[in-house]
file my_file_24.cif (mmCIF, N, CA and C atoms)
data_target
#
loop_
_atom_site.label_atom_id
_atom_site.label_comp_id
_atom_site.auth_asym_id
_atom_site.auth_seq_id
_atom_site.Cartn_x
_atom_site.Cartn_y
_atom_site.Cartn_z
N MET A 47 0.83 -1.18 0.00
CA MET A 47 0.00 0.00 0.00
C MET A 47 0.88 1.25 0.00
N THR A 48 0.62 2.15 -0.91
CA THR A 48 1.39 3.39 -0.96
C THR A 48 0.60 4.50 -0.30
N THR A 49 1.33 5.41 0.29
CA THR A 49 0.70 6.54 0.96
C THR A 49 0.81 7.76 0.05
N ASP A 50 0.08 8.81 0.42
CA ASP A 50 0.16 10.06 -0.34
C ASP A 50 1.58 10.61 -0.34
N SER A 51 2.29 10.47 0.80
CA SER A 51 3.66 10.98 0.85
C SER A 51 4.58 10.19 -0.06
N ASP A 52 4.34 8.88 -0.23
CA ASP A 52 5.12 8.08 -1.17
C ASP A 52 4.91 8.59 -2.60
N ASP A 53 3.65 8.89 -2.93
CA ASP A 53 3.33 9.40 -4.26
C ASP A 53 4.00 10.75 -4.50
N VAL A 54 3.96 11.61 -3.51
CA VAL A 54 4.58 12.93 -3.63
C VAL A 54 6.09 12.77 -3.80
N SER A 55 6.71 11.90 -2.99
CA SER A 55 8.15 11.67 -3.10
C SER A 55 8.52 11.17 -4.49
N GLU A 56 7.75 10.25 -5.01
CA GLU A 56 8.03 9.72 -6.35
C GLU A 56 7.90 10.81 -7.41
N ARG A 57 6.90 11.68 -7.29
CA ARG A 57 6.73 12.76 -8.26
C ARG A 57 7.89 13.76 -8.16
N VAL A 58 8.30 14.07 -6.94
CA VAL A 58 9.42 15.02 -6.76
C VAL A 58 10.70 14.44 -7.37
N ILE A 59 10.98 13.17 -7.07
CA ILE A 59 12.18 12.53 -7.62
C ILE A 59 12.10 12.49 -9.15
N SER A 60 10.94 12.20 -9.67
CA SER A 60 10.76 12.15 -11.12
C SER A 60 11.05 13.52 -11.74
N GLN A 61 10.58 14.59 -11.11
CA GLN A 61 10.85 15.93 -11.61
C GLN A 61 12.33 16.28 -11.49
N MET A 62 12.97 15.86 -10.40
CA MET A 62 14.39 16.14 -10.20
C MET A 62 15.24 15.43 -11.25
N LYS A 63 14.82 14.22 -11.67
CA LYS A 63 15.61 13.45 -12.64
C LYS A 63 15.74 14.19 -13.97
N GLY A 64 14.81 15.06 -14.25
CA GLY A 64 14.91 15.84 -15.48
C GLY A 64 15.90 16.98 -15.38
N ILE A 65 16.34 17.29 -14.17
CA ILE A 65 17.21 18.45 -13.95
C ILE A 65 18.58 18.05 -13.41
N TYR A 66 18.60 17.12 -12.44
CA TYR A 66 19.81 16.80 -11.69
C TYR A 66 20.30 15.39 -11.98
N THR A 67 21.59 15.16 -11.72
CA THR A 67 22.17 13.83 -11.85
C THR A 67 21.69 12.95 -10.70
N ASP A 68 21.87 11.65 -10.86
CA ASP A 68 21.49 10.72 -9.79
C ASP A 68 22.29 10.98 -8.51
N VAL A 69 23.54 11.41 -8.65
CA VAL A 69 24.37 11.70 -7.48
C VAL A 69 23.81 12.90 -6.72
N VAL A 70 23.42 13.94 -7.44
CA VAL A 70 22.83 15.13 -6.80
C VAL A 70 21.54 14.74 -6.09
N ILE A 71 20.70 13.99 -6.76
CA ILE A 71 19.43 13.57 -6.16
C ILE A 71 19.68 12.76 -4.90
N ASP A 72 20.63 11.83 -4.95
CA ASP A 72 20.95 11.01 -3.78
C ASP A 72 21.40 11.88 -2.61
N HIS A 73 22.30 12.83 -2.86
CA HIS A 73 22.80 13.69 -1.77
C HIS A 73 21.74 14.67 -1.28
N ALA A 74 20.81 15.06 -2.15
CA ALA A 74 19.73 15.96 -1.73
C ALA A 74 18.70 15.22 -0.87
N ILE A 75 18.42 13.99 -1.23
CA ILE A 75 17.39 13.22 -0.50
C ILE A 75 17.97 12.49 0.70
N ASN A 76 19.15 11.94 0.54
CA ASN A 76 19.84 11.21 1.62
C ASN A 76 21.05 12.02 2.07
N THR A 77 20.76 13.22 2.52
CA THR A 77 21.81 14.18 2.88
C THR A 77 22.73 13.62 3.95
N ARG A 78 24.02 13.71 3.72
CA ARG A 78 25.03 13.26 4.67
C ARG A 78 25.47 14.43 5.55
N ASN A 79 25.72 14.13 6.80
CA ASN A 79 26.37 15.07 7.72
C ASN A 79 25.60 16.37 7.93
N PHE A 80 24.28 16.30 7.89
CA PHE A 80 23.46 17.50 8.08
C PHE A 80 23.21 17.72 9.56
N GLY A 81 23.40 18.93 10.00
CA GLY A 81 23.08 19.30 11.38
C GLY A 81 24.23 20.04 12.04
N HIS A 82 23.87 20.83 13.02
CA HIS A 82 24.83 21.62 13.77
C HIS A 82 25.73 20.71 14.61
N MET A 83 27.01 20.99 14.62
CA MET A 83 27.98 20.26 15.44
C MET A 83 28.32 21.15 16.64
N PRO A 84 27.87 20.78 17.83
CA PRO A 84 28.06 21.67 18.99
C PRO A 84 29.50 21.82 19.45
N ASP A 85 30.31 20.79 19.36
CA ASP A 85 31.67 20.85 19.89
C ASP A 85 32.67 20.80 18.72
N TYR A 86 32.69 21.85 17.94
CA TYR A 86 33.49 21.89 16.72
C TYR A 86 34.85 22.53 16.97
N ASP A 87 35.76 22.27 16.04
CA ASP A 87 37.09 22.90 16.08
C ASP A 87 37.22 24.04 15.09
N GLY A 88 36.38 24.05 14.09
CA GLY A 88 36.39 25.12 13.09
C GLY A 88 35.00 25.30 12.52
N MET A 89 34.60 26.55 12.32
CA MET A 89 33.29 26.85 11.75
C MET A 89 33.44 27.89 10.67
N GLY A 90 32.73 27.68 9.58
CA GLY A 90 32.74 28.66 8.50
C GLY A 90 31.37 28.75 7.87
N LYS A 91 31.14 29.85 7.20
CA LYS A 91 29.89 29.99 6.45
C LYS A 91 30.17 30.77 5.19
N ALA A 92 29.26 30.60 4.25
CA ALA A 92 29.34 31.34 2.99
C ALA A 92 27.92 31.47 2.45
N THR A 93 27.70 32.55 1.69
CA THR A 93 26.37 32.83 1.17
C THR A 93 26.44 33.08 -0.33
N SER A 94 25.45 32.55 -1.05
CA SER A 94 25.39 32.73 -2.50
C SER A 94 24.86 34.11 -2.84
N SER A 95 24.94 34.47 -4.11
CA SER A 95 24.44 35.76 -4.56
C SER A 95 22.92 35.86 -4.42
N CYS A 96 22.24 34.71 -4.37
CA CYS A 96 20.78 34.74 -4.19
C CYS A 96 20.38 34.54 -2.73
N GLY A 97 21.36 34.49 -1.83
CA GLY A 97 21.05 34.50 -0.40
C GLY A 97 21.04 33.16 0.32
N GLU A 98 21.36 32.08 -0.35
CA GLU A 98 21.42 30.78 0.31
C GLU A 98 22.74 30.66 1.07
N THR A 99 22.65 30.27 2.34
CA THR A 99 23.83 30.21 3.20
C THR A 99 24.12 28.77 3.60
N ILE A 100 25.40 28.42 3.62
CA ILE A 100 25.86 27.15 4.17
C ILE A 100 26.73 27.46 5.37
N HIS A 101 26.37 26.87 6.52
CA HIS A 101 27.21 26.90 7.72
C HIS A 101 27.89 25.54 7.79
N MET A 102 29.18 25.50 8.01
CA MET A 102 29.91 24.24 8.06
C MET A 102 30.75 24.18 9.32
N TRP A 103 30.77 22.99 9.94
CA TRP A 103 31.54 22.76 11.15
C TRP A 103 32.49 21.60 10.93
N LEU A 104 33.70 21.70 11.50
CA LEU A 104 34.70 20.65 11.38
C LEU A 104 35.19 20.24 12.76
N LYS A 105 35.40 18.96 12.91
CA LYS A 105 36.08 18.40 14.08
C LYS A 105 37.42 17.91 13.54
N VAL A 106 38.51 18.28 14.22
CA VAL A 106 39.85 18.00 13.72
C VAL A 106 40.67 17.32 14.81
N LYS A 107 41.44 16.31 14.41
CA LYS A 107 42.40 15.68 15.31
C LYS A 107 43.70 15.50 14.55
N ASP A 108 44.81 15.93 15.15
CA ASP A 108 46.13 15.84 14.51
C ASP A 108 46.11 16.45 13.10
N ASP A 109 45.44 17.57 12.97
CA ASP A 109 45.32 18.31 11.71
C ASP A 109 44.61 17.54 10.60
N LYS A 110 43.82 16.54 10.96
CA LYS A 110 42.98 15.82 9.98
C LYS A 110 41.52 16.05 10.33
N VAL A 111 40.71 16.25 9.33
CA VAL A 111 39.28 16.42 9.53
C VAL A 111 38.69 15.04 9.86
N THR A 112 38.16 14.91 11.07
CA THR A 112 37.57 13.64 11.48
C THR A 112 36.06 13.64 11.33
N GLN A 113 35.45 14.81 11.40
CA GLN A 113 34.01 14.95 11.21
C GLN A 113 33.75 16.29 10.54
N ALA A 114 32.68 16.33 9.77
CA ALA A 114 32.24 17.58 9.17
C ALA A 114 30.73 17.55 9.11
N SER A 115 30.12 18.69 9.35
CA SER A 115 28.66 18.77 9.23
C SER A 115 28.31 20.15 8.69
N PHE A 116 27.05 20.28 8.25
CA PHE A 116 26.62 21.55 7.69
C PHE A 116 25.12 21.73 7.89
N GLU A 117 24.70 22.96 7.77
CA GLU A 117 23.28 23.31 7.70
C GLU A 117 23.13 24.37 6.62
N THR A 118 21.96 24.40 6.02
CA THR A 118 21.69 25.38 4.98
C THR A 118 20.22 25.75 4.98
N ASP A 119 19.95 26.92 4.46
CA ASP A 119 18.57 27.35 4.24
C ASP A 119 18.25 27.26 2.74
N GLY A 120 19.08 26.53 2.03
CA GLY A 120 18.98 26.49 0.58
C GLY A 120 18.15 25.35 0.02
N CYS A 121 18.20 25.25 -1.28
CA CYS A 121 17.42 24.29 -2.06
C CYS A 121 18.09 22.91 -2.09
N ALA A 122 17.52 22.01 -2.88
CA ALA A 122 18.04 20.65 -3.01
C ALA A 122 19.49 20.65 -3.51
N ALA A 123 19.81 21.53 -4.45
CA ALA A 123 21.18 21.59 -4.97
C ALA A 123 22.15 22.05 -3.89
N THR A 124 21.70 22.96 -3.04
CA THR A 124 22.55 23.43 -1.93
C THR A 124 22.79 22.29 -0.94
N LEU A 125 21.75 21.53 -0.64
CA LEU A 125 21.89 20.36 0.23
C LEU A 125 22.91 19.39 -0.36
N ALA A 126 22.80 19.13 -1.65
CA ALA A 126 23.71 18.18 -2.30
C ALA A 126 25.15 18.69 -2.25
N CYS A 127 25.35 19.98 -2.48
CA CYS A 127 26.71 20.55 -2.44
C CYS A 127 27.30 20.48 -1.04
N GLY A 128 26.51 20.83 -0.02
CA GLY A 128 27.00 20.75 1.35
C GLY A 128 27.30 19.32 1.76
N SER A 129 26.42 18.41 1.37
CA SER A 129 26.60 17.00 1.69
C SER A 129 27.87 16.45 1.06
N MET A 130 28.05 16.72 -0.23
CA MET A 130 29.24 16.23 -0.94
C MET A 130 30.51 16.87 -0.38
N ALA A 131 30.46 18.16 -0.11
CA ALA A 131 31.64 18.86 0.41
C ALA A 131 32.08 18.26 1.74
N THR A 132 31.15 17.97 2.63
CA THR A 132 31.54 17.38 3.92
C THR A 132 32.14 15.99 3.71
N GLU A 133 31.55 15.22 2.83
CA GLU A 133 32.09 13.88 2.54
C GLU A 133 33.51 13.97 1.99
N MET A 134 33.75 14.95 1.15
CA MET A 134 35.08 15.13 0.56
C MET A 134 36.11 15.59 1.59
N ALA A 135 35.67 16.36 2.58
CA ALA A 135 36.60 16.91 3.58
C ALA A 135 37.01 15.88 4.63
N ILE A 136 36.10 14.99 4.98
CA ILE A 136 36.38 14.03 6.06
C ILE A 136 37.55 13.12 5.66
N GLY A 137 38.52 13.03 6.58
CA GLY A 137 39.70 12.20 6.35
C GLY A 137 40.88 12.94 5.74
N LYS A 138 40.64 14.15 5.29
CA LYS A 138 41.71 14.93 4.67
C LYS A 138 42.47 15.75 5.72
N ASP A 139 43.74 16.00 5.43
CA ASP A 139 44.51 16.98 6.18
C ASP A 139 43.80 18.32 6.01
N VAL A 140 43.80 19.17 7.05
CA VAL A 140 43.06 20.43 6.97
C VAL A 140 43.50 21.29 5.78
N LEU A 141 44.79 21.28 5.46
CA LEU A 141 45.25 22.08 4.33
C LEU A 141 44.76 21.53 3.00
N ASP A 142 44.60 20.20 2.92
CA ASP A 142 44.03 19.60 1.71
C ASP A 142 42.53 19.87 1.64
N ALA A 143 41.84 19.82 2.77
CA ALA A 143 40.41 20.12 2.79
C ALA A 143 40.17 21.56 2.34
N GLN A 144 41.07 22.44 2.72
CA GLN A 144 40.95 23.85 2.36
C GLN A 144 41.12 24.05 0.84
N LYS A 145 41.70 23.08 0.16
CA LYS A 145 41.93 23.18 -1.28
C LYS A 145 40.76 22.64 -2.11
N ILE A 146 39.71 22.14 -1.47
CA ILE A 146 38.55 21.64 -2.22
C ILE A 146 37.92 22.82 -2.94
N LYS A 147 37.80 22.69 -4.25
CA LYS A 147 37.33 23.78 -5.09
C LYS A 147 35.92 23.50 -5.61
N GLN A 148 35.32 24.54 -6.14
CA GLN A 148 34.01 24.43 -6.76
C GLN A 148 34.00 23.31 -7.80
N LYS A 149 35.02 23.28 -8.66
CA LYS A 149 35.05 22.27 -9.73
C LYS A 149 35.15 20.85 -9.17
N ASP A 150 35.83 20.68 -8.03
CA ASP A 150 35.93 19.35 -7.41
C ASP A 150 34.55 18.86 -6.96
N ILE A 151 33.79 19.76 -6.35
CA ILE A 151 32.44 19.40 -5.89
C ILE A 151 31.53 19.13 -7.09
N LEU A 152 31.62 19.98 -8.11
CA LEU A 152 30.81 19.78 -9.31
C LEU A 152 31.13 18.44 -9.98
N GLU A 153 32.41 18.10 -10.06
CA GLU A 153 32.80 16.81 -10.66
C GLU A 153 32.28 15.64 -9.82
N ALA A 154 32.39 15.75 -8.50
CA ALA A 154 31.92 14.67 -7.63
C ALA A 154 30.40 14.49 -7.74
N LEU A 155 29.69 15.58 -7.96
CA LEU A 155 28.23 15.51 -8.12
C LEU A 155 27.82 15.17 -9.56
N GLU A 156 28.80 15.04 -10.44
CA GLU A 156 28.57 14.79 -11.87
C GLU A 156 27.78 15.92 -12.52
N GLY A 157 28.03 17.13 -12.02
CA GLY A 157 27.48 18.33 -12.63
C GLY A 157 26.24 18.87 -11.95
N LEU A 158 25.99 20.14 -12.23
CA LEU A 158 24.78 20.85 -11.81
C LEU A 158 24.36 21.75 -12.95
N PRO A 159 23.09 22.08 -13.03
CA PRO A 159 22.67 23.06 -14.04
C PRO A 159 23.42 24.38 -13.83
N ASP A 160 23.56 25.14 -14.88
CA ASP A 160 24.32 26.40 -14.82
C ASP A 160 23.86 27.30 -13.67
N HIS A 161 22.55 27.41 -13.47
CA HIS A 161 22.04 28.33 -12.45
C HIS A 161 22.30 27.84 -11.02
N ASN A 162 22.77 26.60 -10.85
CA ASN A 162 23.08 26.06 -9.52
C ASN A 162 24.58 25.92 -9.25
N GLN A 163 25.41 26.17 -10.24
CA GLN A 163 26.84 25.90 -10.08
C GLN A 163 27.50 26.75 -9.01
N GLU A 164 26.99 27.94 -8.78
CA GLU A 164 27.54 28.80 -7.74
C GLU A 164 27.46 28.14 -6.36
N LEU A 165 26.49 27.25 -6.17
CA LEU A 165 26.28 26.62 -4.86
C LEU A 165 27.46 25.73 -4.48
N ALA A 166 28.12 25.14 -5.46
CA ALA A 166 29.33 24.36 -5.18
C ALA A 166 30.45 25.28 -4.70
N LYS A 167 30.49 26.49 -5.23
CA LYS A 167 31.48 27.47 -4.77
C LYS A 167 31.17 27.90 -3.33
N VAL A 168 29.91 28.04 -3.00
CA VAL A 168 29.51 28.40 -1.64
C VAL A 168 29.96 27.31 -0.66
N ALA A 169 29.75 26.06 -1.02
CA ALA A 169 30.19 24.94 -0.16
C ALA A 169 31.71 24.94 -0.02
N SER A 170 32.40 25.20 -1.09
CA SER A 170 33.86 25.27 -1.06
C SER A 170 34.34 26.40 -0.15
N ARG A 171 33.72 27.56 -0.25
CA ARG A 171 34.10 28.69 0.61
C ARG A 171 33.79 28.40 2.08
N ALA A 172 32.69 27.69 2.35
CA ALA A 172 32.34 27.35 3.73
C ALA A 172 33.43 26.45 4.34
N ILE A 173 33.94 25.49 3.56
CA ILE A 173 35.03 24.64 4.04
C ILE A 173 36.28 25.49 4.31
N LYS A 174 36.64 26.32 3.35
CA LYS A 174 37.83 27.17 3.51
C LYS A 174 37.72 28.02 4.77
N ASN A 175 36.54 28.59 4.98
CA ASN A 175 36.34 29.44 6.16
C ASN A 175 36.39 28.64 7.45
N ALA A 176 35.88 27.41 7.44
CA ALA A 176 35.94 26.55 8.63
C ALA A 176 37.38 26.16 8.95
N VAL A 177 38.16 25.85 7.92
CA VAL A 177 39.57 25.53 8.14
C VAL A 177 40.32 26.75 8.65
N SER A 178 40.04 27.91 8.07
CA SER A 178 40.69 29.14 8.55
C SER A 178 40.38 29.39 10.01
N ASP A 179 39.13 29.18 10.39
CA ASP A 179 38.72 29.35 11.79
C ASP A 179 39.50 28.37 12.68
N TYR A 180 39.60 27.13 12.25
CA TYR A 180 40.36 26.12 13.01
C TYR A 180 41.81 26.58 13.19
N LEU A 181 42.43 27.04 12.11
CA LEU A 181 43.85 27.45 12.17
C LEU A 181 44.05 28.67 13.07
N ILE A 182 43.10 29.59 13.06
CA ILE A 182 43.18 30.76 13.94
C ILE A 182 43.11 30.33 15.41
N ILE A 183 42.18 29.45 15.71
CA ILE A 183 42.01 28.98 17.09
C ILE A 183 43.21 28.13 17.52
N LYS A 184 43.75 27.37 16.59
CA LYS A 184 44.94 26.57 16.91
C LYS A 184 46.11 27.49 17.27
N ARG A 185 46.25 28.59 16.54
CA ARG A 185 47.33 29.54 16.78
C ARG A 185 47.07 30.37 18.05
N ASP A 186 45.82 30.80 18.22
CA ASP A 186 45.43 31.67 19.35
C ASP A 186 44.22 31.08 20.06
N PRO A 187 44.42 30.06 20.90
CA PRO A 187 43.29 29.37 21.54
C PRO A 187 42.35 30.27 22.32
N TRP A 188 42.83 31.37 22.83
CA TRP A 188 41.98 32.28 23.61
C TRP A 188 40.83 32.84 22.77
N LYS A 189 40.98 32.87 21.45
CA LYS A 189 39.93 33.42 20.59
C LYS A 189 38.68 32.55 20.55
N LYS A 190 38.82 31.29 20.95
CA LYS A 190 37.66 30.39 20.96
C LYS A 190 36.55 30.95 21.88
N THR A 191 36.94 31.65 22.91
CA THR A 191 36.00 32.24 23.86
C THR A 191 35.07 33.25 23.17
N TYR A 192 35.53 33.88 22.10
CA TYR A 192 34.79 34.96 21.47
C TYR A 192 34.03 34.57 20.22
N ARG A 193 33.93 33.28 19.97
CA ARG A 193 33.17 32.83 18.80
C ARG A 193 31.70 33.19 18.96
N LYS A 194 31.07 33.45 17.84
CA LYS A 194 29.64 33.83 17.86
C LYS A 194 28.71 32.66 17.62
N MET A 195 29.19 31.57 17.08
CA MET A 195 28.26 30.51 16.74
C MET A 195 28.66 29.21 17.35
#

call {"tool": "encode", "arguments": {"input": "my_file_24.cif", "output": "structure tokens"}}
result
Amino acid sequence: MTTDSDDVSERVISQMKGIYTDVVIDHAINTRNFGHMPDYDGMGKATSSCGETIHMWLKVKDDKVTQASFETDGCAATLACGSMATEMAIGKDVLDAQKIKQKDILEALEGLPDHNQELAKVASRAIKNAVSDYLIIKRDPWKKTYRKM
């Protein structure tokens, strides 16, 4: 027996298949690492030109990203970009995570429509900003007291 929500989900996925790759759809529907990380080592955010924001948090041990999470107020493509970016960052040295570029996220997602490509750049900037925050706190631990988020 199917429910109304099953029918709606199938229609939404069907509509998405005409626009997005299977990888994007998977990361949008089965989002990885979504949610605020309360005990983080680095936090960054970035906002698109249309106002969608990604907040990203990193947990780091021995200069390696051990956990990453994000939240966004954006669309399905923004969810997919944040999800993929966190997956790409986990396990990397912080300096390598900081080098994740828009094109790397786009390639991992097997592309996005032109009007959504900026969202991969937003996810990339959020990682860079989170790593920068981590490095600042590592250098000057007293600054952790003055974080806003």

call {"tool": "atom_distance", "arguments": {"input": "my_file_24.cif", "atom1": "atom C of Gly137 of chain A", "atom2": "atom N of Val106 of chain A"}}
result
10.3 Å

call {"tool": "atom_distance", "arguments": {"input": "my_file_24.cif", "atom1": "atom CA of Arg57 of chain A", "atom2": "atom CA of Ile75 of chain A"}}
result
13.2 Å

call {"tool": "select_by_dssp", "arguments": {"input": "my_file_24.cif", "residues": "chain A", "states": "strand (DSSP E or B)", "output": "PyMOL selection string"}}
result
chain A and resi 80+88-93+99-107+110-118+139

call {"tool": "residues_near_point", "arguments": {"input": "my_file_24.cif", "point": "(37.9, 20.1, 18.4)", "cutoff": "8 Å", "atoms": "all atoms listed in the file", "output": "list in words"}}
result
Asp85, Tyr86, Asp87, Gly88, Leu104, Lys105, Val106 and Lys107 of chain A

call {"tool": "resolve_selection", "arguments": {"input": "my_file_24.cif", "expression": "the PyMOL selection byres ((chain A and resi 114) around 8)", "output": "ChimeraX atom specification"}}
result
/A:78-81,83,102-106,111-113,115-116,131-133,135-137

call {"tool": "write_last_selection", "arguments": {"input": "my_file_24.cif", "atoms": "N, CA and C atoms", "output": "mmCIF file, keeping the file's coordinate frame"}}
result
data_model
loop_
_atom_site.group_PDB
_atom_site.id
_atom_site.type_symbol
_atom_site.label_atom_id
_atom_site.label_comp_id
_atom_site.auth_asym_id
_atom_site.auth_seq_id
_atom_site.Cartn_x
_atom_site.Cartn_y
_atom_site.Cartn_z
ATOM 1 N N ARG A 78 24.020 13.710 3.720
ATOM 2 C CA ARG A 78 25.030 13.260 4.670
ATOM 3 C C ARG A 78 25.470 14.430 5.550
ATOM 4 N N ASN A 79 25.720 14.130 6.800
ATOM 5 C CA ASN A 79 26.370 15.070 7.720
ATOM 6 C C ASN A 79 25.600 16.370 7.930
ATOM 7 N N PHE A 80 24.280 16.300 7.890
ATOM 8 C CA PHE A 80 23.460 17.500 8.080
ATOM 9 C C PHE A 80 23.210 17.720 9.560
ATOM 10 N N GLY A 81 23.400 18.930 10.000
ATOM 11 C CA GLY A 81 23.080 19.300 11.380
ATOM 12 C C GLY A 81 24.230 20.040 12.040
ATOM 13 N N MET A 83 27.010 20.990 14.620
ATOM 14 C CA MET A 83 27.980 20.260 15.440
ATOM 15 C C MET A 83 28.320 21.150 16.640
ATOM 16 N N MET A 102 29.180 25.500 8.010
ATOM 17 C CA MET A 102 29.910 24.240 8.060
ATOM 18 C C MET A 102 30.750 24.180 9.320
ATOM 19 N N TRP A 103 30.770 22.990 9.940
ATOM 20 C CA TRP A 103 31.540 22.760 11.150
ATOM 21 C C TRP A 103 32.490 21.600 10.930
ATOM 22 N N LEU A 104 33.700 21.700 11.500
ATOM 23 C CA LEU A 104 34.700 20.650 11.380
ATOM 24 C C LEU A 104 35.190 20.240 12.760
ATOM 25 N N LYS A 105 35.400 18.960 12.910
ATOM 26 C CA LYS A 105 36.080 18.400 14.080
ATOM 27 C C LYS A 105 37.420 17.910 13.540
ATOM 28 N N VAL A 106 38.510 18.280 14.220
ATOM 29 C CA VAL A 106 39.850 18.000 13.720
ATOM 30 C C VAL A 106 40.670 17.320 14.810
ATOM 31 N N VAL A 111 40.710 16.250 9.330
ATOM 32 C CA VAL A 111 39.280 16.420 9.530
ATOM 33 C C VAL A 111 38.690 15.040 9.860
ATOM 34 N N THR A 112 38.160 14.910 11.070
ATOM 35 C CA THR A 112 37.570 13.640 11.480
ATOM 36 C C THR A 112 36.060 13.640 11.330
ATOM 37 N N GLN A 113 35.450 14.810 11.400
ATOM 38 C CA GLN A 113 34.010 14.950 11.210
ATOM 39 C C GLN A 113 33.750 16.290 10.540
ATOM 40 N N SER A 115 30.120 18.690 9.350
ATOM 41 C CA SER A 115 28.660 18.770 9.230
ATOM 42 C C SER A 115 28.310 20.150 8.690
ATOM 43 N N PHE A 116 27.050 20.280 8.250
ATOM 44 C CA PHE A 116 26.620 21.550 7.690
ATOM 45 C C PHE A 116 25.120 21.730 7.890
ATOM 46 N N ALA A 131 30.460 18.160 -0.110
ATOM 47 C CA ALA A 131 31.640 18.860 0.410
ATOM 48 C C ALA A 131 32.080 18.260 1.740
ATOM 49 N N THR A 132 31.150 17.970 2.630
ATOM 50 C CA THR A 132 31.540 17.380 3.920
ATOM 51 C C THR A 132 32.140 15.990 3.710
ATOM 52 N N GLU A 133 31.550 15.220 2.830
ATOM 53 C CA GLU A 133 32.090 13.880 2.540
ATOM 54 C C GLU A 133 33.510 13.970 1.990
ATOM 55 N N ALA A 135 35.670 16.360 2.580
ATOM 56 C CA ALA A 135 36.600 16.910 3.580
ATOM 57 C C ALA A 135 37.010 15.880 4.630
ATOM 58 N N ILE A 136 36.100 14.990 4.980
ATOM 59 C CA ILE A 136 36.380 14.030 6.060
ATOM 60 C C ILE A 136 37.550 13.120 5.660
ATOM 61 N N GLY A 137 38.520 13.030 6.580
ATOM 62 C CA GLY A 137 39.700 12.200 6.350
ATOM 63 C C GLY A 137 40.880 12.940 5.740
#

call {"tool": "resolve_selection", "arguments": {"input": "my_file_24.cif", "expression": "the PyMOL selection byres ((chain A and resi 167) around 8)", "output": "VMD selection string"}}
result
chain A and resid 92 to 94 127 147 to 149 151 to 152 162 to 166 168 to 173

call {"tool": "atom_distance", "arguments": {"input": "my_file_24.cif", "atom1": "atom N of Met134 of chain A", "atom2": "atom C of Asp119 of chain A"}}
result
19.9 Å

call {"tool": "axis_aligned_box", "arguments": {"input": "my_file_24.cif", "around": "segment 162-175 of chain A", "padding_each_side": "6 Å", "output": "lines of an AutoDock Vina configuration file"}}
result
center_x = 30.3
center_y = 26.9
center_z = -1.7
size_x = 27.1
size_y = 17.1
size_z = 30.3

call {"tool": "closest_residue", "arguments": {"input": "my_file_24.cif", "among": "A:Leu125, A:Ile100, A:Leu155, A:Met130", "to": "Asp68 of chain A", "atoms": "only C-alpha atoms"}}
result
A:Leu155

call {"tool": "select_by_dssp", "arguments": {"input": "my_file_24.cif", "residues": "chain A", "states": "helix (DSSP H, G or I)", "output": "JSON, numbers by chain"}}
result
{"A": [50, 51, 52, 53, 54, 55, 56, 57, 58, 59, 60, 61, 62, 63, 68, 69, 70, 71, 72, 73, 74, 75, 122, 123, 124, 125, 126, 127, 128, 129, 130, 131, 132, 133, 134, 135, 140, 141, 142, 143, 148, 149, 150, 151, 152, 153, 154, 160, 161, 162, 164, 165, 166, 167, 168, 169, 170, 171, 172, 173, 174, 175, 176, 177, 178, 179, 180, 181, 182, 183, 184, 185, 187, 188, 189, 190, 191, 192]}

call {"tool": "closest_residue", "arguments": {"input": "my_file_24.cif", "among": "A:Val54, A:Ser60, A:Ser95, A:Ile71", "to": "His161 of chain A", "atoms": "only C-alpha atoms"}}
result
A:Ser95

call {"tool": "residues_around", "arguments": {"input": "my_file_24.cif", "residues": "segment 140-145 of chain A", "least_positions_apart": "5", "cutoff": "5 Å", "atoms": "all atoms listed in the file", "output": "list in words"}}
result
Asp109, Lys110, Val111 and Lys174 of chain A

call {"tool": "closest_residue", "arguments": {"input": "my_file_24.cif", "among": "A:Ile65, A:Ile182, A:Met89, A:Ile146", "to": "Asp160 of chain A", "atoms": "only C-alpha atoms"}}
result
A:Ile65
